[in-house]
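**Student:** Pasting entry36.tsv here (TSV, C-alpha atoms):
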```
chain	number	residue	atom	x	y	z
A	5	TRP	CA	-6.38	18.99	80.79
A	6	TYR	CA	-5.29	16.14	78.51
A	7	GLN	CA	-8.38	16.33	76.25
A	8	ARG	CA	-7.99	20.09	75.89
A	9	ARG	CA	-4.37	19.66	74.86
A	10	VAL	CA	-5.32	17.00	72.30
A	11	ARG	CA	-7.94	19.35	70.78
A	12	VAL	CA	-5.40	22.19	70.49
A	13	ILE	CA	-2.81	19.92	68.85
A	14	SER	CA	-5.47	18.57	66.50
A	15	ARG	CA	-6.48	22.10	65.41
A	16	LEU	CA	-2.85	23.09	64.84
A	17	THR	CA	-2.22	19.95	62.81
A	18	ARG	CA	-5.24	20.64	60.58
A	19	ARG	CA	-4.14	24.26	60.08
A	20	LEU	CA	-0.59	23.21	59.13
A	21	ALA	CA	-1.89	20.48	56.83
A	22	GLY	CA	-4.14	23.02	55.10
A	23	ASN	CA	-1.13	25.24	54.40
A	24	CYS	CA	0.93	22.32	53.10
A	25	ARG	CA	-1.66	20.63	50.91
A	26	TYR	CA	0.12	21.54	47.67
A	27	ILE	CA	3.63	20.45	48.65
A	28	SER	CA	4.82	17.86	46.12
A	29	ALA	CA	1.64	18.25	44.05
A	30	LEU	CA	3.83	19.02	41.00
A	31	VAL	CA	7.40	18.05	40.28
A	32	ILE	CA	9.45	20.55	38.28
A	33	ASP	CA	12.07	18.63	36.32
A	34	PRO	CA	15.59	20.13	36.04
A	35	SER	CA	15.06	20.34	32.26
A	36	THR	CA	12.23	22.84	32.87
A	37	VAL	CA	14.41	24.95	35.14
A	38	LYS	CA	17.26	24.88	32.62
A	39	ARG	CA	15.07	25.89	29.67
A	40	LEU	CA	13.29	28.73	31.51
A	41	LYS	CA	16.67	30.14	32.53
A	42	GLU	CA	18.00	29.78	28.97
A	43	ILE	CA	15.16	31.87	27.57
A	44	ASP	CA	15.38	34.31	30.49
A	45	GLU	CA	11.90	33.60	31.85
A	46	SER	CA	11.04	33.09	35.49
A	47	ALA	CA	7.58	31.54	35.22
A	48	LEU	CA	5.62	29.01	33.20
A	49	ARG	CA	1.82	28.87	33.37
A	50	ILE	CA	0.03	25.56	32.82
A	51	THR	CA	-3.69	25.32	32.28
A	52	VAL	CA	-5.92	22.42	31.32
A	53	ASP	CA	-8.65	23.11	28.77
A	54	GLY	CA	-11.33	20.93	27.25
A	55	GLY	CA	-10.44	19.76	23.75
A	56	GLY	CA	-7.74	17.89	21.92
A	57	CYS	CA	-8.07	14.39	20.54
A	58	SER	CA	-8.41	12.78	23.99
A	59	GLY	CA	-10.81	15.18	25.75
A	60	PHE	CA	-8.51	17.57	27.64
A	61	GLN	CA	-5.37	19.40	26.62
A	62	TYR	CA	-2.43	21.03	28.36
A	63	LYS	CA	-1.72	24.67	27.55
A	64	PHE	CA	1.66	26.28	28.33
A	65	GLU	CA	2.34	30.03	28.44
A	66	LEU	CA	5.26	32.14	29.55
A	67	ASP	CA	3.35	34.26	32.05
A	68	SER	CA	4.32	35.42	35.54
A	69	THR	CA	0.96	37.04	36.38
A	70	VAL	CA	-0.51	35.48	39.51
A	71	GLY	CA	-4.25	35.55	40.13
A	72	ALA	CA	-6.18	35.04	43.35
A	73	GLU	CA	-6.99	31.39	42.52
A	74	ASP	CA	-3.49	30.48	41.34
A	75	VAL	CA	-1.09	28.05	42.96
A	76	ILE	CA	2.68	28.55	42.56
A	77	PHE	CA	5.35	25.85	42.59
A	78	SER	CA	9.00	26.90	42.63
A	79	ARG	CA	12.38	25.34	42.05
A	80	ASP	CA	15.76	27.04	41.67
A	81	ASP	CA	14.35	30.56	41.10
A	82	VAL	CA	11.76	29.57	38.49
A	83	SER	CA	8.05	29.03	39.03
A	84	VAL	CA	5.27	26.96	37.55
A	85	ILE	CA	1.88	28.62	37.99
A	86	THR	CA	-1.47	26.91	37.61
A	87	ASP	CA	-5.04	27.56	38.68
A	88	GLN	CA	-6.99	25.46	41.20
A	89	ILE	CA	-9.11	23.69	38.60
A	90	SER	CA	-6.16	22.78	36.36
A	91	LEU	CA	-4.23	21.53	39.39
A	92	ASP	CA	-6.89	18.89	39.98
A	93	PHE	CA	-6.12	17.49	36.49
A	94	ILE	CA	-2.31	17.52	36.83
A	95	LYS	CA	-1.73	16.86	40.53
A	96	GLY	CA	1.18	14.45	41.01
A	97	SER	CA	2.64	15.10	37.54
A	98	THR	CA	6.11	16.06	36.43
A	99	ILE	CA	6.68	19.14	34.26
A	100	GLU	CA	9.61	18.74	31.89
A	101	PHE	CA	11.13	20.29	28.79
A	102	HIS	CA	11.61	17.74	26.03
A	103	GLU	CA	13.72	18.17	22.89
A	104	GLU	CA	13.45	16.11	19.71
A	105	LEU	CA	14.64	16.64	16.16
A	106	ILE	CA	11.23	17.84	14.99
A	107	ARG	CA	10.10	19.83	18.05
A	108	SER	CA	10.94	21.06	21.51
A	109	ALA	CA	8.28	21.74	24.13
A	110	PHE	CA	7.31	21.77	27.76
A	111	ARG	CA	5.18	18.77	28.63
A	112	VAL	CA	3.37	17.07	31.48
A	113	VAL	CA	4.56	13.51	32.12
A	114	GLU	CA	3.69	10.82	34.63
A	115	ASN	CA	0.24	12.29	35.22
A	116	PRO	CA	-1.57	10.02	37.68
A	117	GLN	CA	-4.89	11.72	36.80
A	118	ALA	CA	-4.62	10.76	33.11
A	119	GLU	CA	-5.82	7.44	31.80
A	120	GLU	CA	-4.38	7.79	28.32
A	121	GLY	CA	-3.10	10.47	26.01
A	122	CYS	CA	-2.48	11.15	22.37
A	123	SER	CA	0.84	10.42	20.72
A	124	CYS	CA	1.92	14.07	20.75
A	125	GLY	CA	1.49	14.27	24.54
A	126	VAL	CA	-0.63	17.42	24.46
A	127	SER	CA	-4.04	15.91	25.18
A	128	PHE	CA	-5.27	13.28	27.62
A	129	SER	CA	-8.37	11.63	29.04
A	130	VAL	CA	-9.10	11.64	32.76
A	131	LYS	CA	-9.17	8.52	34.91
A	132	ILE	CA	-12.63	7.83	36.25
A	133	ASP	CA	-12.53	5.92	39.52
```
Let's see the structure in the file written out as structure tokens.
**Tutor:**
Amino acid sequence: WYQRRVRVISRLTRRLAGNCRYISALVIDPSTVKRLKEIDESALRITVDGGGCSGFQYKFELDSTVGAEDVIFSRDDVSVITDQISLDFIKGSTIEFHEELIRSAFRVVENPQAEEGCSCGVSFSVKID
């Protein structure tokens, strides 16, 4: 009886963990929420492409289309959408909107998957463990 109960609890725990694997994978900064609401958009798509001066680059689009392989993160009625492959490159990062005198842009900061990036913050190289 006891072993059967342990197996059932173990299966339930694995199922719940599978459903929760993306919780806290991305942090949406309040500046991102504020900017998306200011421009009357509800979703920001982030993808990671090969290229840029450091090997990979972040790409941002105002796009609310959700595909079968997409993962959605939400905060205060706005969403950040990314695909499975891009998520592997940005997992644990913070998405923020940054304003300077010469430019304003969404950006990925505190990316634990990135070893270094270029000065503009658009491209990065991946940590190799």
**Student:** Leaving out range 49-59 of chain A and any residue of its chain fewer than 5 positions from it, which residues lie within 8 Å of it when counting all atoms listed in the file, given as a VMD selection string?
**Tutor:** chain A and resid 64 to 68 84 to 87 90 93 120 to 122 126 to 129
**Student:** Now that the selection is made, can you save its residues with C-alpha atoms as an mmCIF file, in the frame of the given file?
**Tutor:**
```cif
data_model
loop_
_atom_site.group_PDB
_atom_site.id
_atom_site.type_symbol
_atom_site.label_atom_id
_atom_site.label_comp_id
_atom_site.auth_asym_id
_atom_site.auth_seq_id
_atom_site.Cartn_x
_atom_site.Cartn_y
_atom_site.Cartn_z
ATOM 1 C CA PHE A 64 1.660 26.280 28.330
ATOM 2 C CA GLU A 65 2.340 30.030 28.440
ATOM 3 C CA LEU A 66 5.260 32.140 29.550
ATOM 4 C CA ASP A 67 3.350 34.260 32.050
ATOM 5 C CA SER A 68 4.320 35.420 35.540
ATOM 6 C CA VAL A 84 5.270 26.960 37.550
ATOM 7 C CA ILE A 85 1.880 28.620 37.990
ATOM 8 C CA THR A 86 -1.470 26.910 37.610
ATOM 9 C CA ASP A 87 -5.040 27.560 38.680
ATOM 10 C CA SER A 90 -6.160 22.780 36.360
ATOM 11 C CA PHE A 93 -6.120 17.490 36.490
ATOM 12 C CA GLU A 120 -4.380 7.790 28.320
ATOM 13 C CA GLY A 121 -3.100 10.470 26.010
ATOM 14 C CA CYS A 122 -2.480 11.150 22.370
ATOM 15 C CA VAL A 126 -0.630 17.420 24.460
ATOM 16 C CA SER A 127 -4.040 15.910 25.180
ATOM 17 C CA PHE A 128 -5.270 13.280 27.620
ATOM 18 C CA SER A 129 -8.370 11.630 29.040
#
```
**Student:** Please determine, counting all atoms listed in the file, which residue among A:Gln88, A:Val130, A:Ala29, A:Thr36 has the shortest atom-to-atom distance to Gly71 in chain A.
**Tutor:**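 Of A:Gln88, A:Val130, A:Ala29, A:Thr36, the one nearest Gly71 in chain A, counting all atoms listed in the file, is A:Gln88.
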**Student:** For range 109-114 of chain A, list every protein, DNA or RNA residue within 8 Å, evaluated using all atoms listed in the file, and leave out those in the same chain fewer than 6 positions away; present the list as a list of chain:residue names.
**Tutor:**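 So, after excluding close chain neighbours, the residues are A:Thr36, A:Tyr62, A:Phe64, A:Ile94, A:Gly96, A:Ser97, A:Thr98, A:Ile99, A:Glu100, A:Phe101, A:His102, A:Glu103, A:Gly125, A:Val126.
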**Student:** Counting all atoms listed in the file, figure out which residue out of A:Ala118, A:Val31, A:Leu91, A:Ile132 gets nearest to Phe60 in chain A.
**Tutor:** A:Ala118
**Student:** Using Å and a single decimal, report how far CA of Lys131 in chain A sits from CA of Ile76 in chain A.
**Tutor:**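 The value is 24.5 Å.
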**Student:** Just to confirm, what's the straight-line distance from CA of Phe77 in chain A to CA of Leu30 in chain A in Å (one decimal)?
**Tutor:** 7.2 Å
**Student:** For the atom pair CA of Asp80 in chain A and CA of Lys95 in chain A, what is the interatomic distance in Å to one decimal place?
**Tutor:**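 Pair CA of Asp80 in chain A / CA of Lys95 in chain A returns 20.3 Å.
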**Student:** For Val70 in chain A, which of A:Lys41, A:Ala47, A:Asp33, A:Glu119 is the closest residue, counting only C-alpha atoms?
**Tutor:** A:Ala47
**Student:** Counting all atoms listed in the file, which of A:Thr69, A:Ser78, A:Gln61, A:Ser83 gets nearest to Ser46 in chain A?
**Tutor:**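 Residue with the minimum atom-to-atom distance to Ser46 in chain A: A:Ser83.
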